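Student: Dropping in upload23.txt, which is compact mmCIF, C-alpha atoms and all ligand atoms:
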# COMPACT_ATOMS: atom_id res chain seq x y z
CA MET K 1 -10.11 20.19 -15.70
CA PHE K 2 -13.30 21.75 -14.44
CA THR K 3 -11.78 25.10 -13.58
CA ALA K 4 -10.05 27.93 -15.44
CA GLU K 5 -9.41 31.66 -15.19
CA TYR K 6 -10.87 34.51 -17.17
CA GLN K 7 -8.45 37.10 -18.46
CA ASP K 8 -9.02 39.22 -15.34
CA GLY K 9 -7.90 36.37 -13.08
CA THR K 10 -11.29 35.40 -11.70
CA THR K 11 -12.11 31.72 -11.63
CA ILE K 12 -14.76 29.84 -13.52
CA SER K 13 -15.84 26.34 -12.44
CA LEU K 14 -17.93 24.11 -14.67
CA LEU K 15 -19.39 22.49 -11.56
CA GLU K 16 -21.54 25.48 -10.78
CA GLY K 17 -24.80 24.68 -12.55
CA TRP K 18 -24.19 26.04 -16.04
CA GLN K 19 -26.53 25.40 -18.97
CA LEU K 20 -25.00 24.29 -22.28
CA ALA K 21 -26.27 27.37 -24.13
CA GLU K 22 -24.75 29.68 -21.53
CA LEU K 23 -21.34 28.04 -21.85
CA LYS K 24 -21.49 28.13 -25.65
CA GLN K 25 -22.22 31.84 -25.47
CA LEU K 26 -19.39 32.33 -22.98
CA ARG K 27 -16.99 30.43 -25.20
CA ARG K 28 -17.69 32.84 -28.05
CA GLU K 29 -17.07 35.88 -25.87
CA GLN K 30 -14.27 34.87 -23.50
CA GLU K 31 -10.82 33.37 -23.37
CA PHE K 32 -9.98 30.86 -20.64
CA TYR K 33 -6.57 30.32 -19.07
CA CYS K 34 -4.93 27.60 -16.99
CA ARG K 35 -4.83 28.60 -13.33
CA SER K 36 -1.37 27.04 -13.01
CA CYS K 37 0.60 27.84 -16.17
CA LYS K 38 -1.62 30.65 -17.58
CA GLU K 39 -1.69 29.07 -21.03
CA PRO K 40 -4.96 29.52 -22.94
CA LEU K 41 -7.35 26.57 -22.60
CA LEU K 42 -9.98 24.98 -24.77
CA LEU K 43 -13.49 24.61 -23.38
CA LYS K 44 -14.80 21.24 -24.52
CA LEU K 45 -18.56 20.93 -24.59
CA GLY K 46 -19.04 17.60 -26.36
CA GLY K 47 -22.18 15.60 -25.69
CA LYS K 48 -20.46 12.32 -24.80
CA ARG K 49 -17.86 13.53 -22.37
CA GLN K 50 -17.96 15.67 -19.28
CA TRP K 51 -17.64 19.33 -20.15
CA HIS K 52 -14.08 20.26 -19.33
CA PHE K 53 -11.16 22.56 -20.03
CA ALA K 54 -8.12 21.14 -21.78
CA HIS K 55 -4.62 22.34 -22.60
CA ARG K 56 -3.59 22.36 -26.23
CA THR K 57 -1.61 19.27 -27.20
CA LYS K 58 1.77 21.02 -27.14
CA SER K 59 1.27 22.33 -23.63
CA THR K 60 4.21 22.32 -21.22
CA CYS K 61 2.04 22.79 -18.13
CA LYS K 62 3.91 21.44 -15.10
CA ALA K 63 0.83 21.01 -12.97
CA MET K 64 -0.84 18.89 -15.58
CA GLY K 65 -0.72 15.25 -14.70
CA GLU K 66 -1.63 12.52 -17.13
CA ALA K 67 -4.35 13.20 -19.69
CA GLU K 68 -7.71 13.33 -17.98
CA THR K 69 -9.99 10.50 -19.03
CA PRO K 70 -13.81 10.77 -18.77
CA TYR K 71 -13.56 8.22 -15.93
CA HIS K 72 -11.17 10.46 -14.01
CA LEU K 73 -13.24 13.62 -14.59
CA GLU K 74 -16.46 11.89 -13.55
CA GLY K 75 -14.90 10.48 -10.37
CA LYS K 76 -13.37 13.82 -9.41
CA LYS K 77 -16.74 15.52 -9.86
CA GLN K 78 -18.63 12.93 -7.80
CA LEU K 79 -16.09 13.10 -4.98
CA TYR K 80 -16.24 16.89 -4.99
CA TYR K 81 -20.04 16.90 -4.59
CA TRP K 82 -19.88 14.14 -1.99
CA LEU K 83 -17.47 16.13 0.20
CA LYS K 84 -19.47 19.32 -0.29
CA GLY K 85 -22.61 17.36 0.62
CA HIS K 86 -21.01 16.61 3.98
CA SER K 87 -20.52 20.37 4.48
CA LEU K 88 -16.76 20.18 4.14
CA ASP K 89 -14.59 23.00 2.91
CA VAL K 90 -13.39 21.59 -0.44
CA GLY K 91 -11.56 23.12 -3.39
CA ILE K 92 -11.14 21.54 -6.78
CA GLU K 93 -7.94 21.74 -8.87
CA ILE K 94 -6.36 24.35 -6.65
CA TYR K 95 -2.85 25.20 -7.78
CA LEU K 96 -0.21 25.28 -5.06
CA PRO K 97 2.54 27.49 -6.56
CA ILE K 98 5.23 26.71 -3.96
CA ILE K 99 5.28 23.05 -4.90
CA GLN K 100 3.90 23.50 -8.41
CA GLN K 101 1.24 20.87 -7.86
CA ARG K 102 -2.46 20.84 -8.43
CA PRO K 103 -4.26 18.14 -6.47
CA ASP K 104 -7.66 17.00 -7.71
CA LEU K 105 -9.25 18.12 -4.45
CA VAL K 106 -8.10 19.98 -1.34
CA VAL K 107 -10.24 19.37 1.73
CA ARG K 108 -10.23 20.69 5.25
CA TYR K 109 -11.31 17.97 7.65
CA GLN K 110 -11.15 18.44 11.42
CA GLN K 111 -8.65 21.32 11.19
CA ARG K 112 -6.34 19.43 8.85
CA LEU K 113 -5.73 19.90 5.16
CA TYR K 114 -5.79 16.92 2.83
CA ALA K 115 -4.95 16.66 -0.85
CA VAL K 116 -7.06 14.00 -2.51
CA GLU K 117 -5.53 12.56 -5.65
CA PHE K 118 -7.82 10.36 -7.70
CA GLN K 119 -5.38 8.18 -9.59
CA CYS K 120 -6.81 6.11 -12.42
CA SER K 121 -3.81 5.52 -14.69
CA PRO K 122 -0.34 4.20 -13.84
CA ILE K 123 2.34 6.78 -13.07
CA PRO K 124 6.05 6.26 -12.35
CA VAL K 125 6.86 5.43 -8.73
CA SER K 126 9.19 8.44 -8.63
CA VAL K 127 6.34 10.80 -9.59
CA ILE K 128 3.88 9.58 -6.98
CA ALA K 129 6.61 9.68 -4.30
CA LYS K 130 7.61 13.22 -5.31
CA ARG K 131 4.02 14.47 -5.23
CA SER K 132 3.42 12.94 -1.80
CA ARG K 133 6.59 14.59 -0.48
CA GLY K 134 5.51 17.92 -2.01
CA TYR K 135 2.23 17.90 -0.09
CA GLN K 136 3.90 16.89 3.15
CA GLU K 137 6.42 19.73 2.80
CA VAL K 138 3.58 22.26 2.91
CA GLY K 139 1.73 20.50 5.72
CA ILE K 140 -0.91 18.81 3.59
CA THR K 141 -1.66 15.12 4.04
CA PRO K 142 -1.92 13.31 0.72
CA ILE K 143 -4.72 10.79 0.25
CA TRP K 144 -4.33 8.61 -2.80
CA LEU K 145 -7.57 7.22 -4.01
CA LEU K 146 -7.13 4.74 -6.84
CA GLY K 147 -9.62 4.41 -9.65
CA GLY K 148 -11.97 1.46 -9.17
CA ASN K 149 -10.76 0.34 -12.61
CA ARG K 150 -7.42 -0.48 -10.94
CA LEU K 151 -8.85 -3.03 -8.51
CA LYS K 152 -7.66 -6.37 -9.88
CA ARG K 153 -9.03 -9.42 -8.11
CA GLN K 154 -7.33 -12.64 -9.16
CA ARG K 155 -8.99 -15.21 -6.99
CA SER K 156 -11.03 -14.83 -3.85
CA SER K 157 -8.86 -12.83 -1.42
CA THR K 158 -6.02 -12.49 -3.94
CA TYR K 159 -5.29 -9.21 -5.70
CA ALA K 160 -2.70 -7.82 -8.09
CA ILE K 161 -0.99 -4.60 -7.06
CA GLN K 162 1.42 -2.60 -9.23
CA ALA K 163 4.61 -1.10 -7.87
CA PHE K 164 3.38 2.51 -7.92
CA GLU K 165 0.22 1.58 -6.04
CA TRP K 166 2.29 0.79 -2.97
CA HIS K 167 2.64 4.54 -2.54
CA ALA K 168 -1.11 4.85 -2.19
CA PHE K 169 -1.07 2.67 0.94
CA ARG K 170 -2.22 3.82 4.28
CA HIS K 171 -0.85 2.16 7.35
CA TYR K 172 -3.12 1.66 10.33
CA PRO K 173 -1.29 0.48 13.41
CA PRO K 174 -0.34 -2.04 14.38
CA ASP K 175 -0.08 -3.76 11.03
CA ASN K 176 -3.08 -3.08 8.81
CA LEU K 177 -2.18 -1.86 5.35
CA SER K 178 -5.10 -0.48 3.41
CA LEU K 179 -5.72 0.78 -0.13
CA SER K 180 -8.71 2.91 -1.10
CA TYR K 181 -10.50 2.89 -4.46
CA TYR K 182 -13.38 4.80 -5.93
CA CYS K 183 -15.46 3.79 -8.94
CA PRO K 184 -17.60 6.58 -10.50
CA GLU K 185 -19.51 4.02 -12.59
CA GLN K 186 -20.65 2.07 -9.53
CA HIS K 187 -20.77 5.15 -7.27
CA SER K 188 -18.90 3.12 -4.72
CA PHE K 189 -15.72 3.06 -2.65
CA ALA K 190 -13.74 -0.12 -2.17
CA PHE K 191 -11.24 -0.59 0.63
CA LEU K 192 -8.63 -3.33 0.50
CA GLN K 193 -7.61 -4.09 4.04
CA HIS K 194 -5.08 -6.37 5.73
CA VAL K 195 -2.99 -6.34 2.59
CA MET K 196 -0.39 -9.12 2.88
CA PRO K 197 1.82 -9.33 -0.24
CA TYR K 198 3.42 -12.67 -0.99
CA SER K 199 5.29 -11.68 -4.16
CA ALA K 200 6.29 -8.49 -5.94
CA THR K 201 2.79 -8.00 -7.36
CA ARG K 202 0.41 -10.43 -5.64
CA THR K 203 -1.25 -9.97 -2.31
CA LEU K 204 -3.81 -11.43 0.04
CA ALA K 205 -6.36 -8.87 1.23
CA GLU K 206 -9.90 -8.38 2.50
CA LEU K 207 -12.24 -6.29 0.36
CA GLN K 208 -14.90 -4.00 1.73
CA GLN K 209 -17.23 -2.12 -0.58
CA SER K 210 -19.03 0.99 0.52
CA PRO K 211 -21.60 2.90 -1.60
CA LEU K 212 -20.88 6.63 -1.93
CA GLU K 213 -24.16 7.76 -0.42
CA SER K 214 -23.73 5.79 2.78
CA THR K 215 -19.98 6.45 3.24
CA GLN K 216 -18.86 9.04 5.76
CA PRO K 217 -15.75 11.15 4.97
CA ALA K 218 -14.09 9.69 8.08
CA ALA K 219 -13.61 6.46 6.09
CA LEU K 220 -11.33 8.38 3.75
CA PHE K 221 -9.49 10.62 6.20
CA HIS K 222 -9.28 8.41 9.26
CA GLN K 223 -9.84 4.81 8.43
CA PRO K 224 -12.48 2.56 6.92
CA LYS K 225 -14.43 0.26 9.19
CA GLN K 226 -11.93 -2.42 10.13
CA LEU K 227 -12.58 -5.88 8.81
CA PRO K 228 -11.32 -8.85 10.81
CA ALA K 229 -7.94 -10.08 9.60
CA ARG K 230 -8.03 -13.64 8.34
CA ARG K 231 -4.36 -14.32 8.57
CA MET K 232 -4.67 -18.11 8.72
CA LYS K 233 -5.19 -17.79 4.95
CA TRP K 234 -1.45 -17.33 4.79
CA LEU K 235 -1.17 -21.11 5.16
CA GLU K 236 -2.53 -21.45 1.63
CA ILE K 237 0.39 -19.34 0.42
CA LYS K 238 2.91 -21.51 2.24
CA LYS K 239 1.23 -24.58 0.85
CA HIS K 240 1.47 -23.10 -2.63
CA TRP K 241 5.21 -22.48 -2.18
CA ARG K 242 5.71 -26.04 -1.01
CA TYR K 243 3.69 -27.58 -3.86
CA GLN K 244 5.20 -25.41 -6.56
CA HIS K 245 7.28 -27.40 -9.02
CA PRO K 246 10.71 -26.01 -9.82
CA LEU K 247 10.35 -23.50 -12.63
CA SER K 248 12.08 -24.21 -15.92
CA TYR K 249 13.42 -20.64 -15.85
CA PRO K 250 13.88 -19.87 -12.18
CA SER K 251 14.51 -16.27 -11.17
CA ARG K 252 17.92 -15.31 -9.80
CA VAL K 253 16.78 -15.50 -6.21
CA GLU K 254 15.02 -18.80 -6.81
CA SER K 255 18.18 -20.33 -8.37
CA TYR K 256 20.23 -19.05 -5.47
CA LEU K 257 17.85 -20.63 -3.01
CA LEU K 258 17.79 -23.96 -4.84
CA GLN K 259 21.58 -24.13 -4.63
CA LEU K 260 21.49 -23.19 -0.98
CA LEU K 261 19.01 -25.94 -0.12
CA TYR K 262 20.95 -28.36 -2.32
CA ARG K 263 24.06 -27.79 -0.19
CA TYR K 264 22.00 -29.04 2.76
CA SER K 265 20.56 -31.91 0.66
CA LEU K 266 17.05 -30.53 1.00
CA PRO K 267 14.32 -30.59 -1.63
CA ARG K 268 12.96 -27.06 -2.06
CA ASN K 269 9.44 -27.92 -0.87
CA LEU K 270 10.78 -28.98 2.53
CA PHE K 271 12.17 -25.56 3.42
CA PRO K 272 12.17 -24.86 7.17
CA ILE K 273 8.97 -24.29 9.12
CA GLU K 274 10.49 -21.03 10.40
CA ALA K 275 10.65 -19.44 6.90
CA GLY K 276 7.98 -17.84 4.73
CA TRP K 277 5.93 -15.81 7.24
CA PRO K 278 4.28 -12.38 7.16
CA SER K 279 6.35 -11.19 10.11
CA PRO K 280 6.06 -7.54 11.19
CA TYR K 281 7.03 -5.13 8.37
CA TYR K 282 8.06 -8.06 6.13
CA TYR K 283 6.45 -6.21 3.19
CA TYR K 284 9.37 -3.78 3.04
CA PHE K 285 11.01 -6.58 1.07
CA GLU K 286 9.61 -6.99 -2.40
CA THR K 287 11.27 -10.41 -2.56
CA SER K 288 8.94 -13.04 -1.16
CA PRO K 289 9.47 -13.81 2.54
CA TYR K 290 9.97 -17.47 1.71
CA HIS K 291 13.18 -16.47 -0.11
CA TRP K 292 14.81 -13.97 2.20
CA GLN K 293 13.79 -15.69 5.41
CA THR K 294 15.15 -19.08 4.26
CA PHE K 295 18.35 -17.27 3.30
CA LEU K 296 18.73 -15.66 6.73
CA LEU K 297 18.11 -18.93 8.54
CA PHE K 298 20.66 -20.96 6.57
CA GLU K 299 23.29 -18.31 5.90
CA PHE K 300 23.35 -16.68 9.29
CA LEU K 301 21.03 -17.58 12.14
CA GLU K 302 21.58 -21.33 12.11
CA HIS K 303 25.35 -20.76 12.42
CA GLN K 304 25.00 -18.80 15.66
CA PRO K 305 26.14 -20.69 18.75
CA LEU K 306 23.32 -21.46 21.17
CA THR K 307 24.86 -19.52 24.04
CA LYS K 308 26.22 -16.40 22.39
CA PRO K 309 23.95 -13.42 21.69
CA PHE K 310 24.23 -11.52 18.41
CA THR K 311 22.99 -8.09 17.41
CA LEU K 312 20.35 -6.98 14.95
CA GLN K 313 23.07 -4.94 13.27
CA ILE K 314 25.11 -8.02 12.41
CA VAL K 315 22.08 -9.73 10.89
CA SER K 316 21.43 -6.65 8.75
CA ARG K 317 25.06 -6.56 7.67
CA CYS K 318 24.77 -10.16 6.53
CA ILE K 319 21.88 -9.45 4.18
CA GLN K 320 22.92 -6.00 2.98
CA PRO K 321 25.49 -7.11 0.32
CA TYR K 322 22.81 -9.29 -1.25
CA MET K 323 20.46 -6.33 -1.40
CA LEU K 324 23.13 -4.23 -3.09
CA LYS K 325 23.75 -7.05 -5.58
CA GLY K 326 20.04 -7.05 -6.31
CA LEU K 327 19.39 -10.60 -5.15
CA PHE K 328 16.80 -9.29 -2.71
CA SER K 329 14.89 -6.17 -3.53
CA ARG K 330 13.21 -3.70 -1.26
CA ARG K 331 9.76 -2.35 -1.91
CA GLN K 332 9.76 1.28 -3.02
CA ILE K 333 7.68 2.67 -0.21
CA HIS K 334 8.07 5.59 2.10
CA GLU K 335 11.09 4.69 4.21
CA GLU K 336 14.43 3.93 2.60
CA ALA K 337 15.55 1.79 5.52
CA GLY K 338 12.25 -0.02 5.94
CA TRP K 339 13.91 -3.33 5.20
CA LEU K 340 15.89 -3.01 8.46
CA GLN K 341 12.57 -2.87 10.25
CA ALA K 342 11.56 -5.98 8.34
CA VAL K 343 14.67 -7.83 9.53
CA LYS K 344 13.96 -6.75 13.11
CA GLY K 345 10.33 -7.80 12.72
CA TYR K 346 11.41 -11.22 11.54
CA LEU K 347 13.72 -11.71 14.52
CA SER K 348 10.86 -10.91 16.89
CA TRP K 349 8.65 -13.32 14.95
CA LEU K 350 11.33 -16.02 15.43
CA CYS K 351 11.21 -15.28 19.16
CA GLN K 352 7.47 -16.03 19.07
CA MET K 353 8.25 -19.27 17.28
CA GLY K 354 10.61 -20.22 20.08
CA TYR K 355 13.63 -20.30 17.79
CA LEU K 356 15.28 -17.15 19.15
CA GLU K 357 15.23 -15.36 22.45
CA GLN K 358 15.58 -11.63 22.84
CA THR K 359 18.27 -10.86 25.41
CA GLY K 360 18.42 -7.06 25.08
CA GLU K 361 17.03 -4.12 23.10
CA GLU K 362 18.77 -5.29 19.92
CA TYR K 363 20.32 -8.56 21.12
CA PHE K 364 19.09 -12.03 20.26
CA LYS K 365 20.18 -15.58 21.04
CA ARG K 366 19.40 -18.79 19.20
CA VAL K 367 17.76 -21.37 21.49
CA ARG K 368 17.20 -24.32 19.18
CA SER K 369 17.73 -25.60 15.60
CA ILE K 370 15.39 -24.95 12.70
CA VAL K 371 12.75 -27.57 12.03
CA ILE K 372 13.08 -29.29 8.66
CA PRO K 373 9.93 -31.28 7.89
CA ARG K 374 10.52 -34.82 6.63
CA THR K 375 7.39 -35.07 4.49
CA MET K 376 4.89 -32.68 2.95
CA GLU K 377 2.20 -33.84 5.40
CA GLU K 378 4.46 -33.02 8.29
CA ALA K 379 5.27 -29.65 6.74
CA PHE K 380 1.56 -28.68 6.49
CA ARG K 381 0.88 -29.88 10.03
CA LEU K 382 3.82 -27.97 11.54
CA ASP K 383 3.14 -24.83 9.45
CA ALA K 384 -0.45 -24.84 10.73
CA ALA K 385 0.67 -25.29 14.33
CA ALA K 386 3.14 -22.40 14.00
CA ALA K 387 0.48 -20.17 12.42
CA ARG K 388 -1.99 -20.88 15.23
CA ARG K 389 0.66 -20.04 17.78
CA CYS K 390 2.13 -16.90 16.22
CA PHE K 391 -1.00 -15.31 14.76
CA THR K 392 -2.84 -15.75 18.06
CA MET K 393 0.06 -14.26 19.98
CA GLU K 394 0.08 -11.28 17.64
CA ASP K 395 -3.66 -10.80 17.92
CA GLU K 396 -3.37 -10.89 21.69
CA ALA K 397 -0.65 -8.28 21.57
CA GLU K 398 -2.83 -6.09 19.30
CA ASN K 399 -5.78 -6.36 21.64
CA SER K 400 -3.77 -6.02 24.83
CA GLY K 401 -5.35 -2.58 25.41
CA ASP K 402 -8.83 -4.12 25.54
CA ASN K 403 -7.65 -7.02 27.63
CA LYS K 404 -6.24 -4.66 30.22
CA GLY K 405 -9.66 -3.04 30.41
CA ILE K 406 -11.35 -6.36 31.04
CA ASN K 407 -8.77 -7.38 33.63
CA SER K 408 -9.08 -4.16 35.54
CA LYS K 409 -12.86 -4.55 35.59
CA LYS K 410 -12.42 -8.04 36.95
CA ALA K 411 -10.05 -6.69 39.55
CA ASN K 412 -12.69 -4.19 40.67
CA ILE K 413 -15.27 -6.95 41.15
ZN ZN K 501 -1.58 24.59 -17.27
Once more with this new file: its structure as structure tokens, please.
Tutor:
Amino acid sequence: MFTAEYQDGTTISLLEGWQLAELKQLRREQEFYCRSCKEPLLLKLGGKRQWHFAHRTKSTCKAMGEAETPYHLEGKKQLYYWLKGHSLDVGIEIYLPIIQQRPDLVVRYQQRLYAVEFQCSPIPVSVIAKRSRGYQEVGITPIWLLGGNRLKRQRSSTYAIQAFEWHAFRHYPPDNLSLSYYCPEQHSFAFLQHVMPYSATRTLAELQQSPLESTQPAALFHQPKQLPARRMKWLEIKKHWRYQHPLSYPSRVESYLLQLLYRYSLPRNLFPIEAGWPSPYYYYFETSPYHWQTFLLFEFLEHQPLTKPFTLQIVSRCIQPYMLKGLFSRRQIHEEAGWLQAVKGYLSWLCQMGYLEQTGEEYFKRVRSIVIPRTMEEAFRLDAAAARRCFTMEDEAENSGDNKGINSKKANI
């Protein structure tokens, strides 16, 4: 920590231009206390690390998060000066007694309060969720900024994301998920945009780096400059699923799927064209979309008569027991019932593919059979055709606002 209290309750901050000799003198004369738990603190003035206050090892301080590493302290300090440099009202390590939390930074930006948490080490999903809820309860918007040391690129456009990091996501409508990072060693932000997970821990994404000195606070509080989505890259994921050899130790869901396809005398790499897509909100399932979408097609949708509409509710009821049994898992993010949205999103995606038709608010009708490719070549060709069709339709829907503008201008001419 950079801040503490004197015995009389006034605050001392190490970020206020102290000289080493002054602090050494002060340390001889004064006691320092934690602003949250009031325990006495040690003032550490080592040469290698940031000067900082620390609890004693046996501390029971509730506001204390994980042990502060030099990386964390340095990042917190740089972010504090950066926000101050943009003339923002910013407080460091302010204790909020009602929720017993002490965010790294509290900032007022355009009449709104934000708690900035600079998270460099893993924490349990339950803790990050609880802290976010705490801030929201008192009207503060949490901004989770991950340490740049957490950014794990695996191949170009492929990144590894841990379960707790899903709570650091920010959702920009219509469907842009973004993660923000800061690296105090490089003095640079990094924004992962258009995050499209394809397994529990792997995701496609676009990376944008932004040096601290040329980044405006709006990038943190509103949204970073949007990069174009390159969703056709998803075809590489589908290709990967089709090429993948059966694993010697398949997971439970993979074994289940193999049996399912076996019943239909299908090799696993020729799963239907209609399965394995990043349909709207599909990421609420942690299970890969290739698994749960194939399941829905074979176990439910394909059995629906062509003329008779069915409801979204019935589709959800079909998958729910398998979620309870743990065959499919939901991603631990914000909304409990997010997976229902994912099911709905998939049905609307299937409408775009021309497999279903929406006949009412939550009513759908099957209009044709699924397409089972006969060869791998055919599979790649049909997957690509479907991607061109559906991704373009989605992009058009996203840009419909702009299009209207253009049309109305034309109309005026
Ligand atoms: Zn404390």
Student: Nearest to ligand ZN 501 (chain K): which of K:Gln162, K:Gln100, K:Gln111, K:Thr10 is it, counting all atoms listed in the file?
Tutor: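 Smallest separation from ligand ZN 501 (chain K) among the options: K:Gln100.
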Student: When distances are computed from all atoms listed in the file, which of K:Val371, K:Met1, K:Ile143, K:Cys61 shows the smallest separation from ligand ZN 501 (chain K)?
Tutor: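 Of K:Val371, K:Met1, K:Ile143, K:Cys61, the one nearest ligand ZN 501 (chain K) is K:Cys61, counting all atoms listed in the file.
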Student: Residues contacting ligand ZN 501 (chain K) - anything with an atom at most 12 Å away, using all atoms listed in the file - can you give me those as a PyMOL selection string?
Tutor: chain K and resi 1+3-5+32-42+53-65+67+93-95+97+100-102
Student: Using all atoms listed in the file, which of the listed residues (K:Tyr346, K:Phe191, K:Tyr71, K:Phe118) sits closest to Phe285 (chain K)?
Tutor: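 Counting all atoms listed in the file, the residue closest to Phe285 (chain K) is K:Tyr346.
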Student: Which residues come within 9 Å of Ala379 (chain K), counting all atoms listed in the file, excluding same-chain residues fewer than 2 positions away, as a PyMOL selection string?
Tutor: chain K and resi 239+242+269-273+372-377+381-384
Student: What's the 9 Å shell around region 281-283 of chain K, counting all atoms listed in the file, without same-chain residues fewer than 4 positions away, as a PyMOL selection string?
Tutor: chain K and resi 175+196-198+277+287-289+330-331+338-339+341-346
Student: Store the residues picked out above, limited to C-alpha atoms, as a PDB file, in the coordinates of the input.
Tutor:
ATOM      1  CA  ASP K 175      -0.080  -3.760  11.030  1.00  0.00           C
ATOM      2  CA  MET K 196      -0.390  -9.120   2.880  1.00  0.00           C
ATOM      3  CA  PRO K 197       1.820  -9.330  -0.240  1.00  0.00           C
ATOM      4  CA  TYR K 198       3.420 -12.670  -0.990  1.00  0.00           C
ATOM      5  CA  TRP K 277       5.930 -15.810   7.240  1.00  0.00           C
ATOM      6  CA  THR K 287      11.270 -10.410  -2.560  1.00  0.00           C
ATOM      7  CA  SER K 288       8.940 -13.040  -1.160  1.00  0.00           C
ATOM      8  CA  PRO K 289       9.470 -13.810   2.540  1.00  0.00           C
ATOM      9  CA  ARG K 330      13.210  -3.700  -1.260  1.00  0.00           C
ATOM     10  CA  ARG K 331       9.760  -2.350  -1.910  1.00  0.00           C
ATOM     11  CA  GLY K 338      12.250  -0.020   5.940  1.00  0.00           C
ATOM     12  CA  TRP K 339      13.910  -3.330   5.200  1.00  0.00           C
ATOM     13  CA  GLN K 341      12.570  -2.870  10.250  1.00  0.00           C
ATOM     14  CA  ALA K 342      11.560  -5.980   8.340  1.00  0.00           C
ATOM     15  CA  VAL K 343      14.670  -7.830   9.530  1.00  0.00           C
ATOM     16  CA  LYS K 344      13.960  -6.750  13.110  1.00  0.00           C
ATOM     17  CA  GLY K 345      10.330  -7.800  12.720  1.00  0.00           C
ATOM     18  CA  TYR K 346      11.410 -11.220  11.540  1.00  0.00           C
TER      19      TYR K 346
END
Student: Identify which of the residues K:Gly9, K:Pro124, K:Gly85, K:Gly147 lies closest to Gln332 (chain K), counting only C-alpha atoms when measuring atom-to-atom distances.
Tutor: K:Pro124
Student: Give me the residues within 9 Å of Tyr182 (chain K) as a list in words, counting only C-alpha atoms and dropping any in the same chain fewer than 3 places off.
Tutor: Gly75, Leu79, Phe118, Leu145, Leu146, Gly147, Gly148, Asn149, Gln186, His187, Ser188, Phe189, Ala190, Phe191 and Leu212 of chain K
Student: Go ahead and compute the interatomic distance for CA of Tyr284 (chain K) and CA of Leu257 (chain K), in Å to one decimal.
Tutor: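 So the answer is 19.8 Å.
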Student: Counting all atoms listed in the file, figure out which residue out of K:Arg389, K:Arg368, K:Arg153, K:His194 gets nearest to Pro224 (chain K).
Tutor: K:His194
Student: Given the point (-9.0, -7.1, -0.3) in the file's coordinates, find the residues that have an atom at most 12 Å from it, counting only C-alpha atoms, and give them as a PyMOL selection string.
Tutor: chain K and resi 151-161+176-181+190-197+202-209+226-230
Student: Counting all atoms listed in the file, figure out which residue out of K:Glu213, K:Asp8, K:Glu286, K:Asp89 gets nearest to Gln110 (chain K).
Tutor: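 Selected residue with least distance to Gln110 (chain K): K:Asp89.
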Student: For CA of Cys183 (chain K) and CA of Thr11 (chain K), determine how far apart the two atoms are, in Å to one decimal place.
Tutor: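 According to the coordinates, CA of Cys183 (chain K) and CA of Thr11 (chain K) are separated by 28.3 Å.
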Student: Go ahead and compute the interatomic distance for CA of Phe2 (chain K) and CA of Glu22 (chain K), in Å to one decimal.
Tutor: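 Distance reported for this atom pair: 15.6 Å.
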